[in-house]
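Trainee: First the structure, which I've put down as structure tokens, then a few questions once you've had a look.
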Amino acid sequence: MDILQVILQVVLGITSLLLTLLILLHRGRGGGLSDMFGGGVTSNLGASGVAERNLNRITVILGLVWVSSIIVLGLITKFEGA
């Protein structure tokens, strides 16, 4: 169980960093922190609809992996002490 716990902790750390990066890559919808730091300037970087959809899909899948690793780690620590 210790090896599984270490693997899940590493997965949790990597997915946390990747989720932070991917969320920051999303185009701002206006009125938020992205406008405060220059997000109001139009850019051609995120202009592609396909790229935005793929970024959304990757973010959702990574979020599901992140949540599931938290749940499994919680279950391991709960039943390991019993």
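To be explicit about the labels: the chains of the structure tokens are called A, B, and onward in the order shown, and within each one the residues are counted from 1, while ligands get numbers from 1 in the order they are shown.
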Could you give me, as JSON, numbers by chain, the residues within 8 Å of A:His26, counting only C-alpha atoms and dropping anything in the same chain fewer than 2 positions from it?
Mentor: {"A": [22, 23, 24, 28, 46, 52, 55]}
Trainee: Can you tell me which residues surround stretch 12-14 of chain A at a distance of at most 7 Å, considering only C-alpha atoms, apart from same-chain residues fewer than 3 positions away, and format the answer as a ChimeraX atom specification?
Mentor: /A:8-9,17-18,66,69
Trainee: Rounded to one decimal place, report the atom CA of A:Leu21-atom CA of A:Asn56 distance in Å.
Mentor: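 That distance, rounded to one decimal, is 12.5 Å.
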